[in-house]
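So this block is model_3.csv, CSV, C-alpha atoms (C1' of nucleotides):
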```csv
chain,number,residue,atom,x,y,z
L,1,MET,CA,0.6,-53.7,15.6
L,2,ASP,CA,3.6,-53.0,17.8
L,3,ALA,CA,4.9,-50.3,15.5
L,4,GLU,CA,1.8,-48.2,15.4
L,5,LEU,CA,1.1,-48.6,19.1
L,6,GLY,CA,4.6,-47.6,19.9
L,7,ALA,CA,4.6,-44.6,17.6
L,8,VAL,CA,1.3,-43.3,19.1
L,9,HIS,CA,1.7,-44.2,22.8
L,10,GLY,CA,5.3,-45.1,23.3
L,11,ILE,CA,4.7,-48.7,24.4
L,12,GLY,CA,4.6,-51.9,22.5
L,13,TYR,CA,1.8,-54.4,22.2
L,14,THR,CA,3.2,-56.7,24.9
L,15,ASP,CA,3.5,-53.7,27.2
L,16,PHE,CA,-0.1,-52.9,26.5
L,17,LEU,CA,-1.1,-56.5,27.3
L,18,ILE,CA,0.8,-56.4,30.5
L,19,LEU,CA,-1.0,-53.2,31.6
L,20,ALA,CA,-4.4,-54.7,30.6
L,21,GLU,CA,-3.7,-58.0,32.3
L,22,ILE,CA,-2.8,-56.4,35.6
L,23,SER,CA,-5.8,-54.1,35.5
L,24,SER,CA,-8.1,-57.0,34.7
L,25,VAL,CA,-7.2,-59.2,37.6
L,26,VAL,CA,-8.9,-59.1,41.0
L,27,GLY,CA,-6.8,-57.0,43.4
L,28,HIS,CA,-5.1,-55.4,40.4
L,29,ARG,CA,-1.8,-56.9,41.1
L,30,LEU,CA,-0.1,-60.2,40.4
L,31,ARG,CA,3.2,-62.0,40.6
L,32,ALA,CA,5.5,-61.7,37.6
L,33,VAL,CA,5.3,-65.5,37.1
L,34,ASP,CA,1.5,-65.3,36.9
L,35,LEU,CA,1.8,-62.5,34.4
L,36,ALA,CA,4.1,-64.7,32.4
L,37,LYS,CA,1.6,-67.6,32.4
L,38,ARG,CA,-1.3,-65.5,31.4
L,39,LEU,CA,0.5,-63.8,28.5
L,40,MET,CA,2.2,-66.9,27.3
L,41,LEU,CA,5.6,-65.4,28.0
L,42,THR,CA,8.6,-66.8,29.9
L,43,PRO,CA,9.4,-65.3,33.3
L,44,SER,CA,12.5,-63.9,31.7
L,45,GLY,CA,10.5,-62.1,29.1
L,46,VAL,CA,8.4,-60.5,31.8
L,47,THR,CA,11.4,-59.3,33.7
L,48,ARG,CA,12.7,-57.7,30.5
L,49,ALA,CA,9.4,-56.0,29.8
L,50,LEU,CA,8.8,-54.8,33.3
L,51,GLY,CA,12.2,-53.0,33.5
L,52,PRO,CA,11.3,-50.2,31.1
L,53,LEU,CA,7.6,-50.1,32.2
L,54,SER,CA,8.8,-49.6,35.7
L,55,LYS,CA,11.4,-47.0,34.7
L,56,ILE,CA,8.8,-44.8,32.9
L,57,GLY,CA,6.6,-45.2,35.9
L,58,LEU,CA,3.7,-47.2,34.5
L,59,VAL,CA,4.0,-50.2,36.8
L,60,GLN,CA,5.5,-50.7,40.3
L,61,ARG,CA,6.7,-53.8,42.2
L,62,ALA,CA,6.0,-54.5,45.8
L,63,ALA,CA,7.2,-57.3,48.1
L,64,HIS,CA,5.0,-60.3,48.5
L,65,ASP,CA,4.0,-60.7,52.1
L,66,ARG,CA,4.3,-64.5,52.3
L,67,ASP,CA,7.0,-65.2,49.7
L,68,ALA,CA,10.3,-63.4,49.7
L,69,ARG,CA,11.2,-64.7,46.3
L,70,ALA,CA,8.1,-63.2,44.6
L,71,SER,CA,7.0,-59.6,44.1
L,72,TYR,CA,3.7,-58.2,43.1
L,73,VAL,CA,3.4,-56.1,40.0
L,74,SER,CA,0.7,-53.4,39.9
L,75,LEU,CA,-0.2,-50.3,37.9
L,76,THR,CA,0.7,-46.8,39.0
L,77,ALA,CA,-1.8,-44.0,38.5
L,78,ASP,CA,0.2,-43.1,35.3
L,79,GLY,CA,-0.1,-46.8,34.3
L,80,GLU,CA,-3.9,-46.7,34.6
L,81,ARG,CA,-4.1,-43.5,32.6
L,82,LYS,CA,-1.8,-44.9,29.9
L,83,LEU,CA,-3.9,-48.1,29.7
L,84,ALA,CA,-7.1,-46.1,29.3
L,85,GLU,CA,-5.5,-43.9,26.7
L,86,THR,CA,-4.0,-46.9,24.8
L,87,LEU,CA,-7.1,-49.1,24.8
L,88,PRO,CA,-9.0,-47.5,22.0
L,89,THR,CA,-5.9,-47.5,19.7
L,90,ALA,CA,-5.2,-51.1,20.4
L,91,GLU,CA,-8.8,-52.1,19.7
L,92,ARG,CA,-8.8,-50.2,16.5
L,93,ILE,CA,-5.5,-51.8,15.3
L,94,VAL,CA,-6.7,-55.3,16.2
L,95,ALA,CA,-10.1,-54.6,14.5
L,96,GLU,CA,-8.3,-53.4,11.3
L,97,ALA,CA,-6.0,-56.5,11.2
L,98,PHE,CA,-9.0,-58.7,11.8
L,99,ASP,CA,-10.9,-57.0,8.9
L,100,SER,CA,-8.1,-57.1,6.5
L,101,ALA,CA,-7.2,-60.7,7.2
L,102,LEU,CA,-10.7,-62.3,6.7
L,103,THR,CA,-13.5,-62.3,4.2
L,104,PRO,CA,-16.8,-60.9,5.4
L,105,ALA,CA,-18.2,-64.4,5.8
L,106,ALA,CA,-15.2,-65.7,7.8
L,107,ARG,CA,-15.4,-62.5,9.9
L,108,LEU,CA,-19.0,-63.4,11.0
L,109,THR,CA,-18.0,-66.9,11.7
L,110,VAL,CA,-15.2,-65.8,13.9
L,111,LEU,CA,-17.4,-63.4,15.8
L,112,GLY,CA,-19.9,-66.1,16.4
L,113,PHE,CA,-17.1,-68.3,17.6
L,114,PHE,CA,-15.9,-65.8,20.1
L,115,GLU,CA,-19.5,-65.4,21.4
L,116,ARG,CA,-19.7,-69.1,21.9
L,117,LEU,CA,-16.5,-69.0,23.9
L,118,GLY,CA,-18.0,-66.4,26.1
L,119,TYR,CA,-16.4,-63.2,24.8
L,120,ALA,CA,-18.5,-60.3,23.7
L,121,SER,CA,-17.8,-59.4,20.0
L,122,PRO,CA,-15.5,-56.4,20.1
L,123,GLY,CA,-17.6,-54.5,17.5
L,124,ALA,CA,-21.0,-55.2,19.0
L,125,ARG,CA,-22.5,-52.9,21.6
K,1,MET,CA,7.1,-75.1,19.4
K,2,ASP,CA,10.2,-73.8,17.7
K,3,ALA,CA,12.4,-75.4,20.3
K,4,GLU,CA,11.0,-78.9,20.1
K,5,LEU,CA,10.9,-78.9,16.3
K,6,GLY,CA,14.4,-77.6,16.2
K,7,ALA,CA,15.7,-80.2,18.6
K,8,VAL,CA,14.1,-83.1,16.7
K,9,HIS,CA,14.4,-82.0,13.1
K,10,GLY,CA,16.9,-79.2,13.0
K,11,ILE,CA,14.6,-76.6,11.6
K,12,GLY,CA,12.3,-74.0,13.3
K,13,TYR,CA,8.6,-73.7,13.0
K,14,THR,CA,8.8,-70.9,10.5
K,15,ASP,CA,11.2,-73.0,8.4
K,16,PHE,CA,8.6,-75.8,8.6
K,17,LEU,CA,5.9,-73.4,7.5
K,18,ILE,CA,8.0,-72.3,4.6
K,19,LEU,CA,8.5,-75.8,3.4
K,20,ALA,CA,4.8,-76.6,3.8
K,21,GLU,CA,3.7,-73.5,2.0
K,22,ILE,CA,6.0,-74.1,-1.0
K,23,SER,CA,4.7,-77.7,-1.1
K,24,SER,CA,1.1,-76.7,-0.9
K,25,VAL,CA,1.1,-74.2,-3.8
K,26,VAL,CA,0.3,-75.2,-7.4
K,27,GLY,CA,3.5,-75.6,-9.3
K,28,HIS,CA,5.4,-76.1,-6.0
K,29,ARG,CA,7.3,-72.9,-6.3
K,30,LEU,CA,6.7,-69.3,-5.6
K,31,ARG,CA,8.4,-65.9,-5.4
K,32,ALA,CA,9.9,-64.9,-2.1
K,33,VAL,CA,7.5,-62.0,-1.8
K,34,ASP,CA,4.5,-64.3,-2.1
K,35,LEU,CA,5.9,-66.5,0.5
K,36,ALA,CA,6.2,-63.5,2.7
K,37,LYS,CA,2.5,-62.5,2.2
K,38,ARG,CA,1.2,-66.0,2.8
K,39,LEU,CA,3.2,-66.4,6.0
K,40,MET,CA,2.6,-62.9,7.3
K,41,LEU,CA,6.3,-62.2,7.2
K,42,THR,CA,8.3,-59.3,5.7
K,43,PRO,CA,10.3,-60.0,2.5
K,44,SER,CA,13.3,-59.3,4.7
K,45,GLY,CA,12.4,-62.1,7.1
K,46,VAL,CA,11.9,-64.5,4.2
K,47,THR,CA,15.3,-63.6,2.8
K,48,ARG,CA,16.8,-64.3,6.2
K,49,ALA,CA,15.0,-67.6,6.6
K,50,LEU,CA,15.8,-68.8,3.1
K,51,GLY,CA,19.5,-68.4,3.6
K,52,PRO,CA,20.1,-71.3,6.0
K,53,LEU,CA,17.4,-73.4,4.3
K,54,SER,CA,19.2,-73.0,1.0
K,55,LYS,CA,22.6,-73.7,2.6
K,56,ILE,CA,21.5,-77.0,4.1
K,57,GLY,CA,19.9,-77.9,0.8
K,58,LEU,CA,16.2,-77.9,1.6
K,59,VAL,CA,15.2,-75.2,-0.8
K,60,GLN,CA,16.6,-73.8,-4.0
K,61,ARG,CA,16.1,-70.6,-5.9
K,62,ALA,CA,15.7,-70.3,-9.7
K,63,ALA,CA,15.4,-67.2,-11.9
K,64,HIS,CA,12.0,-65.9,-12.8
K,65,ASP,CA,11.5,-66.1,-16.5
K,66,ARG,CA,9.6,-62.8,-16.9
K,67,ASP,CA,11.0,-60.7,-14.0
K,68,ALA,CA,14.7,-60.4,-13.5
K,69,ARG,CA,14.1,-59.0,-10.0
K,70,ALA,CA,12.3,-62.0,-8.7
K,71,SER,CA,13.3,-65.6,-8.1
K,72,TYR,CA,11.3,-68.7,-7.6
K,73,VAL,CA,11.8,-70.7,-4.4
K,74,SER,CA,11.1,-74.4,-4.5
K,75,LEU,CA,11.9,-77.5,-2.5
K,76,THR,CA,14.8,-79.8,-3.2
K,77,ALA,CA,14.3,-83.6,-2.9
K,78,ASP,CA,15.8,-83.3,0.5
K,79,GLY,CA,13.4,-80.5,1.3
K,80,GLU,CA,10.4,-82.7,0.4
K,81,ARG,CA,11.8,-85.5,2.6
K,82,LYS,CA,12.4,-83.1,5.5
K,83,LEU,CA,8.9,-81.8,5.2
K,84,ALA,CA,7.3,-85.2,5.2
K,85,GLU,CA,9.4,-86.2,8.1
K,86,THR,CA,8.7,-83.0,10.1
K,87,LEU,CA,4.9,-82.9,9.4
K,88,PRO,CA,3.8,-85.5,12.1
K,89,THR,CA,6.0,-83.8,14.8
K,90,ALA,CA,4.6,-80.4,13.9
K,91,GLU,CA,1.0,-81.7,14.0
K,92,ARG,CA,1.6,-83.3,17.3
K,93,ILE,CA,3.1,-80.2,18.9
K,94,VAL,CA,0.3,-78.0,17.6
K,95,ALA,CA,-2.3,-80.5,18.9
K,96,GLU,CA,-0.7,-80.6,22.3
K,97,ALA,CA,-0.6,-76.8,22.6
K,98,PHE,CA,-4.2,-76.7,21.5
K,99,ASP,CA,-5.2,-79.3,24.1
K,100,SER,CA,-3.3,-77.7,26.9
K,101,ALA,CA,-4.6,-74.2,26.2
K,102,LEU,CA,-8.3,-74.9,26.1
K,103,THR,CA,-11.0,-76.6,28.1
K,104,PRO,CA,-12.7,-79.6,26.4
K,105,ALA,CA,-15.8,-77.5,25.7
K,106,ALA,CA,-13.8,-74.7,24.2
K,107,ARG,CA,-11.9,-77.2,22.2
K,108,LEU,CA,-15.1,-78.5,20.6
K,109,THR,CA,-16.2,-75.0,19.8
K,110,VAL,CA,-12.9,-74.2,18.1
K,111,LEU,CA,-13.0,-77.4,16.0
K,112,GLY,CA,-16.5,-76.6,14.9
K,113,PHE,CA,-15.3,-73.1,14.1
K,114,PHE,CA,-12.6,-74.4,11.8
K,115,GLU,CA,-15.0,-76.7,10.1
K,116,ARG,CA,-17.2,-73.7,9.3
K,117,LEU,CA,-14.3,-71.9,7.9
K,118,GLY,CA,-13.7,-74.8,5.6
K,119,TYR,CA,-10.8,-76.6,7.3
K,120,ALA,CA,-11.0,-80.2,8.2
K,121,SER,CA,-10.5,-80.7,12.0
K,122,PRO,CA,-7.0,-82.0,12.4
K,123,GLY,CA,-8.0,-84.7,14.7
K,124,ALA,CA,-11.0,-86.0,12.8
K,125,ARG,CA,-10.5,-88.7,10.2
T,1,DG,C1',11.8,-43.6,-25.8
T,2,DA,C1',12.8,-41.0,-21.5
T,3,DC,C1',10.9,-40.0,-16.6
T,4,DT,C1',8.5,-41.4,-12.8
T,5,DT,C1',6.7,-44.5,-9.8
T,6,DA,C1',6.1,-49.3,-8.1
T,7,DT,C1',7.9,-53.8,-7.0
T,8,DG,C1',11.3,-57.7,-5.6
T,9,DA,C1',15.1,-58.6,-3.0
T,10,DT,C1',18.9,-57.8,0.2
T,11,DT,C1',21.6,-55.7,4.0
T,12,DG,C1',22.9,-53.1,8.5
T,13,DA,C1',21.1,-51.9,12.8
T,14,DC,C1',18.0,-52.9,16.2
T,15,DT,C1',14.5,-55.3,19.3
T,16,DA,C1',11.7,-58.4,21.7
T,17,DA,C1',11.7,-62.5,22.9
T,18,DT,C1',14.0,-67.1,24.1
T,19,DC,C1',17.1,-70.5,26.7
T,20,DA,C1',20.5,-71.9,30.1
T,21,DA,C1',22.6,-70.9,34.1
T,22,DG,C1',22.7,-68.8,38.5
T,23,DT,C1',20.8,-66.9,43.1
T,24,DA,C1',17.6,-66.8,46.6
T,25,DT,C1',13.9,-68.5,49.1
T,26,DA,C1',10.0,-72.2,50.0
T,27,DT,C1',8.4,-76.7,50.6
T,28,DT,C1',8.6,-81.6,51.3
T,29,DG,C1',10.0,-85.9,53.5
T,30,DC,C1',12.7,-88.3,56.6
U,1,DG,C1',15.9,-79.6,61.8
U,2,DC,C1',18.1,-80.9,57.5
U,3,DA,C1',18.8,-82.4,52.9
U,4,DA,C1',16.6,-82.6,48.5
U,5,DT,C1',13.8,-80.6,45.4
U,6,DA,C1',10.9,-77.0,43.6
U,7,DT,C1',9.7,-72.2,42.7
U,8,DA,C1',10.5,-66.9,41.7
U,9,DC,C1',13.2,-64.1,39.5
U,10,DT,C1',17.3,-62.2,37.0
U,11,DT,C1',21.2,-62.1,33.7
U,12,DG,C1',24.4,-63.2,29.6
U,13,DA,C1',24.2,-64.9,25.2
U,14,DT,C1',21.7,-65.9,21.2
U,15,DT,C1',17.9,-65.8,17.8
U,16,DA,C1',14.2,-64.7,14.7
U,17,DG,C1',12.1,-61.3,13.3
U,18,DT,C1',11.4,-56.0,12.3
U,19,DC,C1',12.4,-51.4,9.9
U,20,DA,C1',14.8,-48.2,6.9
U,21,DA,C1',17.7,-47.7,3.2
U,22,DT,C1',19.5,-49.4,-1.1
U,23,DC,C1',19.9,-51.6,-5.6
U,24,DA,C1',17.9,-53.4,-9.6
U,25,DT,C1',14.3,-54.1,-12.7
U,26,DA,C1',9.3,-53.3,-14.3
U,27,DA,C1',5.4,-50.8,-15.6
U,28,DG,C1',2.8,-46.7,-16.6
U,29,DT,C1',2.6,-41.9,-18.6
U,30,DC,C1',3.5,-38.2,-21.5
```
Full structure transcribed into structure tokens:
Amino acid sequence: MDAELGAVHGIGYTDFLILAEISSVVGHRLRAVDLAKRLMLTPSGVTRALGPLSKIGLVQRAAHDRDARASYVSLTADGERKLAETLPTAERIVAEAFDSALTPAARLTVLGFFERLGYASPGAR
Amino acid sequence: MDAELGAVHGIGYTDFLILAEISSVVGHRLRAVDLAKRLMLTPSGVTRALGPLSKIGLVQRAAHDRDARASYVSLTADGERKLAETLPTAERIVAEAFDSALTPAARLTVLGFFERLGYASPGAR
DNA sequence: GACTTATGATTGACTAATCAAGTATATTGC
DNA sequence: GCAATATACTTGATTAGTCAATCATAAGTC
């Protein structure tokens, strides 16, 4: 997962999730602490991940207008491009893991399950 | 997860899974490589985890009778006790994480899902 | 039966995360 | 308005895992 994504796109799976999460949120920016909650990471882990992402210019931080402790994280134009470029690879890798881990019957059950939870099945169009 | 289990019982979640996996398998012993496959770990990771578990006397290794490369891993009497003692804590922690991560409706859907996959719902008796 | 390839296990080097502690700012209650 | 408490973030130290390389033994092929 991490290894293949890293080899192809130069960022890990968590990095990808960070980009995707920022992009998915209204306003396209959020505080580091909210990023942590959404990704089930600690604030510390987010700080550590954002360092390199910021250095290679995929994300940027901006001061929060009402809270001097916090800062907003958002994607740069490069970050948006990287996300768009990485998405198909990530989807393929997840789909392969999914396929190899389950029997065909279990696969269908899981897909139905996600539909009931309100997610579109990744494979269905 | 790991932290609480470690604080209460002195072993991590992966350690717990290792004990549980050994105990669940017919014959109550398996090769390290099979342990790795079942727990989605690398053989390397299993070697690393078994070291401490063996040192504190929860698991033991025995030569494989047909393959000199392999060795069987099994629980000691202490290991069985530790597993029995850890099981309720682990179940409680998982149940709490499950409850806090999902809405009540999603919770029911997930439980139904596991039933369809052939697992009894943990909470149901 | 020797040669090649596959498998089981271990080790050194590394990495992505954690926790605990610390700093800075916000918020709350008196 | 000030003390006490809570929140946002960062950093040093640690940890649980990975990968790549290695060693030993098995299994398959000619």
Here's a check: after a least-squares fit over all in-order C-alpha atoms, write chain K in the frame of chain L, as a PDB file with C-alpha atoms, in the frame of the given file.
```
ATOM      1  CA  MET K   1       0.662 -53.662  15.639  1.00  0.00           C
ATOM      2  CA  ASP K   2       3.654 -53.067  17.849  1.00  0.00           C
ATOM      3  CA  ALA K   3       4.905 -50.348  15.568  1.00  0.00           C
ATOM      4  CA  GLU K   4       1.747 -48.285  15.418  1.00  0.00           C
ATOM      5  CA  LEU K   5       1.100 -48.568  19.153  1.00  0.00           C
ATOM      6  CA  GLY K   6       4.653 -47.650  19.847  1.00  0.00           C
ATOM      7  CA  ALA K   7       4.577 -44.635  17.586  1.00  0.00           C
ATOM      8  CA  VAL K   8       1.347 -43.279  19.104  1.00  0.00           C
ATOM      9  CA  HIS K   9       1.680 -44.225  22.745  1.00  0.00           C
ATOM     10  CA  GLY K  10       5.282 -45.106  23.337  1.00  0.00           C
ATOM     11  CA  ILE K  11       4.699 -48.631  24.455  1.00  0.00           C
ATOM     12  CA  GLY K  12       4.579 -51.970  22.513  1.00  0.00           C
ATOM     13  CA  TYR K  13       1.718 -54.339  22.242  1.00  0.00           C
ATOM     14  CA  THR K  14       3.104 -56.671  24.844  1.00  0.00           C
ATOM     15  CA  ASP K  15       3.531 -53.708  27.214  1.00  0.00           C
ATOM     16  CA  PHE K  16      -0.137 -52.878  26.508  1.00  0.00           C
ATOM     17  CA  LEU K  17      -1.112 -56.448  27.260  1.00  0.00           C
ATOM     18  CA  ILE K  18       0.779 -56.329  30.491  1.00  0.00           C
ATOM     19  CA  LEU K  19      -0.993 -53.244  31.625  1.00  0.00           C
ATOM     20  CA  ALA K  20      -4.378 -54.668  30.622  1.00  0.00           C
ATOM     21  CA  GLU K  21      -3.766 -57.944  32.341  1.00  0.00           C
ATOM     22  CA  ILE K  22      -2.698 -56.323  35.639  1.00  0.00           C
ATOM     23  CA  SER K  23      -5.817 -54.115  35.402  1.00  0.00           C
ATOM     24  CA  SER K  24      -8.124 -56.971  34.679  1.00  0.00           C
ATOM     25  CA  VAL K  25      -7.130 -59.194  37.633  1.00  0.00           C
ATOM     26  CA  VAL K  26      -8.883 -59.043  41.025  1.00  0.00           C
ATOM     27  CA  GLY K  27      -6.811 -57.008  43.386  1.00  0.00           C
ATOM     28  CA  HIS K  28      -5.069 -55.321  40.407  1.00  0.00           C
ATOM     29  CA  ARG K  29      -1.754 -56.883  41.118  1.00  0.00           C
ATOM     30  CA  LEU K  30      -0.080 -60.136  40.465  1.00  0.00           C
ATOM     31  CA  ARG K  31       3.263 -61.947  40.659  1.00  0.00           C
ATOM     32  CA  ALA K  32       5.537 -61.718  37.673  1.00  0.00           C
ATOM     33  CA  VAL K  33       5.299 -65.444  37.108  1.00  0.00           C
ATOM     34  CA  ASP K  34       1.519 -65.281  36.851  1.00  0.00           C
ATOM     35  CA  LEU K  35       1.782 -62.525  34.422  1.00  0.00           C
ATOM     36  CA  ALA K  36       4.064 -64.685  32.408  1.00  0.00           C
ATOM     37  CA  LYS K  37       1.572 -67.639  32.360  1.00  0.00           C
ATOM     38  CA  ARG K  38      -1.385 -65.471  31.436  1.00  0.00           C
ATOM     39  CA  LEU K  39       0.479 -63.815  28.575  1.00  0.00           C
ATOM     40  CA  MET K  40       2.185 -66.950  27.327  1.00  0.00           C
ATOM     41  CA  LEU K  41       5.558 -65.426  28.030  1.00  0.00           C
ATOM     42  CA  THR K  42       8.604 -66.757  29.929  1.00  0.00           C
ATOM     43  CA  PRO K  43       9.343 -65.236  33.375  1.00  0.00           C
ATOM     44  CA  SER K  44      12.493 -63.973  31.698  1.00  0.00           C
ATOM     45  CA  GLY K  45      10.526 -62.045  29.086  1.00  0.00           C
ATOM     46  CA  VAL K  46       8.320 -60.533  31.782  1.00  0.00           C
ATOM     47  CA  THR K  47      11.371 -59.421  33.728  1.00  0.00           C
ATOM     48  CA  ARG K  48      12.690 -57.791  30.581  1.00  0.00           C
ATOM     49  CA  ALA K  49       9.412 -56.084  29.783  1.00  0.00           C
ATOM     50  CA  LEU K  50       8.852 -54.853  33.319  1.00  0.00           C
ATOM     51  CA  GLY K  51      12.143 -53.047  33.419  1.00  0.00           C
ATOM     52  CA  PRO K  52      11.330 -50.184  31.037  1.00  0.00           C
ATOM     53  CA  LEU K  53       7.698 -50.098  32.216  1.00  0.00           C
ATOM     54  CA  SER K  54       8.888 -49.599  35.769  1.00  0.00           C
ATOM     55  CA  LYS K  55      11.472 -46.996  34.695  1.00  0.00           C
ATOM     56  CA  ILE K  56       8.925 -44.825  32.922  1.00  0.00           C
ATOM     57  CA  GLY K  57       6.627 -45.193  35.896  1.00  0.00           C
ATOM     58  CA  LEU K  58       3.758 -47.250  34.528  1.00  0.00           C
ATOM     59  CA  VAL K  59       4.134 -50.176  36.839  1.00  0.00           C
ATOM     60  CA  GLN K  60       5.586 -50.719  40.268  1.00  0.00           C
ATOM     61  CA  ARG K  61       6.725 -53.742  42.183  1.00  0.00           C
ATOM     62  CA  ALA K  62       6.006 -54.441  45.882  1.00  0.00           C
ATOM     63  CA  ALA K  63       7.205 -57.286  48.121  1.00  0.00           C
ATOM     64  CA  HIS K  64       5.067 -60.340  48.525  1.00  0.00           C
ATOM     65  CA  ASP K  65       3.997 -60.680  52.092  1.00  0.00           C
ATOM     66  CA  ARG K  66       4.286 -64.492  52.311  1.00  0.00           C
ATOM     67  CA  ASP K  67       7.048 -65.246  49.744  1.00  0.00           C
ATOM     68  CA  ALA K  68      10.281 -63.358  49.840  1.00  0.00           C
ATOM     69  CA  ARG K  69      11.118 -64.639  46.343  1.00  0.00           C
ATOM     70  CA  ALA K  70       8.146 -63.125  44.669  1.00  0.00           C
ATOM     71  CA  SER K  71       6.989 -59.567  44.100  1.00  0.00           C
ATOM     72  CA  TYR K  72       3.679 -58.131  43.180  1.00  0.00           C
ATOM     73  CA  VAL K  73       3.419 -56.016  40.027  1.00  0.00           C
ATOM     74  CA  SER K  74       0.727 -53.384  39.880  1.00  0.00           C
ATOM     75  CA  LEU K  75      -0.097 -50.267  37.917  1.00  0.00           C
ATOM     76  CA  THR K  76       0.828 -46.773  38.977  1.00  0.00           C
ATOM     77  CA  ALA K  77      -1.700 -43.922  38.463  1.00  0.00           C
ATOM     78  CA  ASP K  78       0.190 -43.112  35.353  1.00  0.00           C
ATOM     79  CA  GLY K  79      -0.031 -46.727  34.291  1.00  0.00           C
ATOM     80  CA  GLU K  80      -3.844 -46.682  34.629  1.00  0.00           C
ATOM     81  CA  ARG K  81      -3.983 -43.458  32.574  1.00  0.00           C
ATOM     82  CA  LYS K  82      -1.696 -44.913  29.893  1.00  0.00           C
ATOM     83  CA  LEU K  83      -3.826 -47.987  29.690  1.00  0.00           C
ATOM     84  CA  ALA K  84      -7.058 -46.108  29.315  1.00  0.00           C
ATOM     85  CA  GLU K  85      -5.500 -43.921  26.744  1.00  0.00           C
ATOM     86  CA  THR K  86      -3.941 -46.825  24.778  1.00  0.00           C
ATOM     87  CA  LEU K  87      -7.057 -49.110  24.879  1.00  0.00           C
ATOM     88  CA  PRO K  88      -9.026 -47.442  21.947  1.00  0.00           C
ATOM     89  CA  THR K  89      -5.877 -47.424  19.688  1.00  0.00           C
ATOM     90  CA  ALA K  90      -5.202 -51.064  20.482  1.00  0.00           C
ATOM     91  CA  GLU K  91      -8.836 -52.039  19.773  1.00  0.00           C
ATOM     92  CA  ARG K  92      -8.772 -50.188  16.551  1.00  0.00           C
ATOM     93  CA  ILE K  93      -5.553 -51.783  15.320  1.00  0.00           C
ATOM     94  CA  VAL K  94      -6.753 -55.258  16.246  1.00  0.00           C
ATOM     95  CA  ALA K  95     -10.085 -54.608  14.465  1.00  0.00           C
ATOM     96  CA  GLU K  96      -8.343 -53.414  11.355  1.00  0.00           C
ATOM     97  CA  ALA K  97      -6.049 -56.456  11.215  1.00  0.00           C
ATOM     98  CA  PHE K  98      -9.063 -58.651  11.741  1.00  0.00           C
ATOM     99  CA  ASP K  99     -10.967 -56.932   8.923  1.00  0.00           C
ATOM    100  CA  SER K 100      -8.102 -56.998   6.515  1.00  0.00           C
ATOM    101  CA  ALA K 101      -7.259 -60.650   7.132  1.00  0.00           C
ATOM    102  CA  LEU K 102     -10.661 -62.186   6.626  1.00  0.00           C
ATOM    103  CA  THR K 103     -13.513 -62.208   4.168  1.00  0.00           C
ATOM    104  CA  PRO K 104     -16.851 -60.815   5.470  1.00  0.00           C
ATOM    105  CA  ALA K 105     -18.261 -64.342   5.753  1.00  0.00           C
ATOM    106  CA  ALA K 106     -15.272 -65.591   7.649  1.00  0.00           C
ATOM    107  CA  ARG K 107     -15.462 -62.579   9.828  1.00  0.00           C
ATOM    108  CA  LEU K 108     -19.027 -63.427  10.860  1.00  0.00           C
ATOM    109  CA  THR K 109     -18.037 -66.972  11.606  1.00  0.00           C
ATOM    110  CA  VAL K 110     -15.169 -65.852  13.829  1.00  0.00           C
ATOM    111  CA  LEU K 111     -17.389 -63.409  15.769  1.00  0.00           C
ATOM    112  CA  GLY K 112     -19.923 -66.121  16.337  1.00  0.00           C
ATOM    113  CA  PHE K 113     -17.076 -68.358  17.442  1.00  0.00           C
ATOM    114  CA  PHE K 114     -15.981 -65.893  20.087  1.00  0.00           C
ATOM    115  CA  GLU K 115     -19.485 -65.472  21.305  1.00  0.00           C
ATOM    116  CA  ARG K 116     -19.669 -69.232  21.861  1.00  0.00           C
ATOM    117  CA  LEU K 117     -16.508 -69.143  23.762  1.00  0.00           C
ATOM    118  CA  GLY K 118     -18.022 -66.559  26.020  1.00  0.00           C
ATOM    119  CA  TYR K 119     -16.453 -63.332  24.729  1.00  0.00           C
ATOM    120  CA  ALA K 120     -18.535 -60.439  23.677  1.00  0.00           C
ATOM    121  CA  SER K 121     -17.850 -59.518  19.986  1.00  0.00           C
ATOM    122  CA  PRO K 122     -15.706 -56.437  20.091  1.00  0.00           C
ATOM    123  CA  GLY K 123     -17.711 -54.654  17.565  1.00  0.00           C
ATOM    124  CA  ALA K 124     -21.159 -55.407  18.924  1.00  0.00           C
ATOM    125  CA  ARG K 125     -22.684 -53.062  21.469  1.00  0.00           C
TER     126      ARG K 125
END
```
Per residue of chain T within 7 Å of chain L, what are the shortest atom pair and its distance in Å to one decimal, counting all atoms listed in the file, with rows by chain and residue number, as JSON lines?
```
{"residue": "T:DA17", "atom": "C1'", "partner": "L:Gly45", "partner_atom": "CA", "distance": 6.3}
{"residue": "T:DA24", "atom": "C1'", "partner": "L:Arg69", "partner_atom": "CA", "distance": 6.7}
{"residue": "T:DT25", "atom": "C1'", "partner": "L:Arg69", "partner_atom": "CA", "distance": 5.4}
```
For the interface of chain U with chain K (cut-off 10 Å, counting only C-alpha atoms (C1' of nucleotides)), please tabulate each contacting residue of chain U alongside its nearest pair of atoms and their separation in Å to one decimal, rows sorted by chain and increasing number, as a tab-separated table.
```
residue	atom	partner	partner_atom	distance
U:DA16	C1'	K:Gly45	CA	8.2
U:DG17	C1'	K:Gly45	CA	6.3
U:DT18	C1'	K:Thr42	CA	8.0
U:DC19	C1'	K:Ser44	CA	9.5
U:DA24	C1'	K:Arg69	CA	6.8
U:DT25	C1'	K:Arg69	CA	5.6
U:DA26	C1'	K:Asp67	CA	7.6
```
Practice task
Considering only C-alpha atoms, extract the chain L residues located within 10 Å of chain K and return them as a list in words.
Solution key: Ala105, Ala106, Arg107, Thr109, Val110, Gly112, Phe113, Phe114, Arg116, Leu117 and Gly118 of chain L
Problem - Contacts of Val8 (chain L) within 10 Å, only C-alpha atoms (C1' of nucleotides), excl. fewer than 5 positions in-chain, as a list in words - result: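 In the requested form, the answer reads Ala3, Thr86 and Thr89 of chain L.
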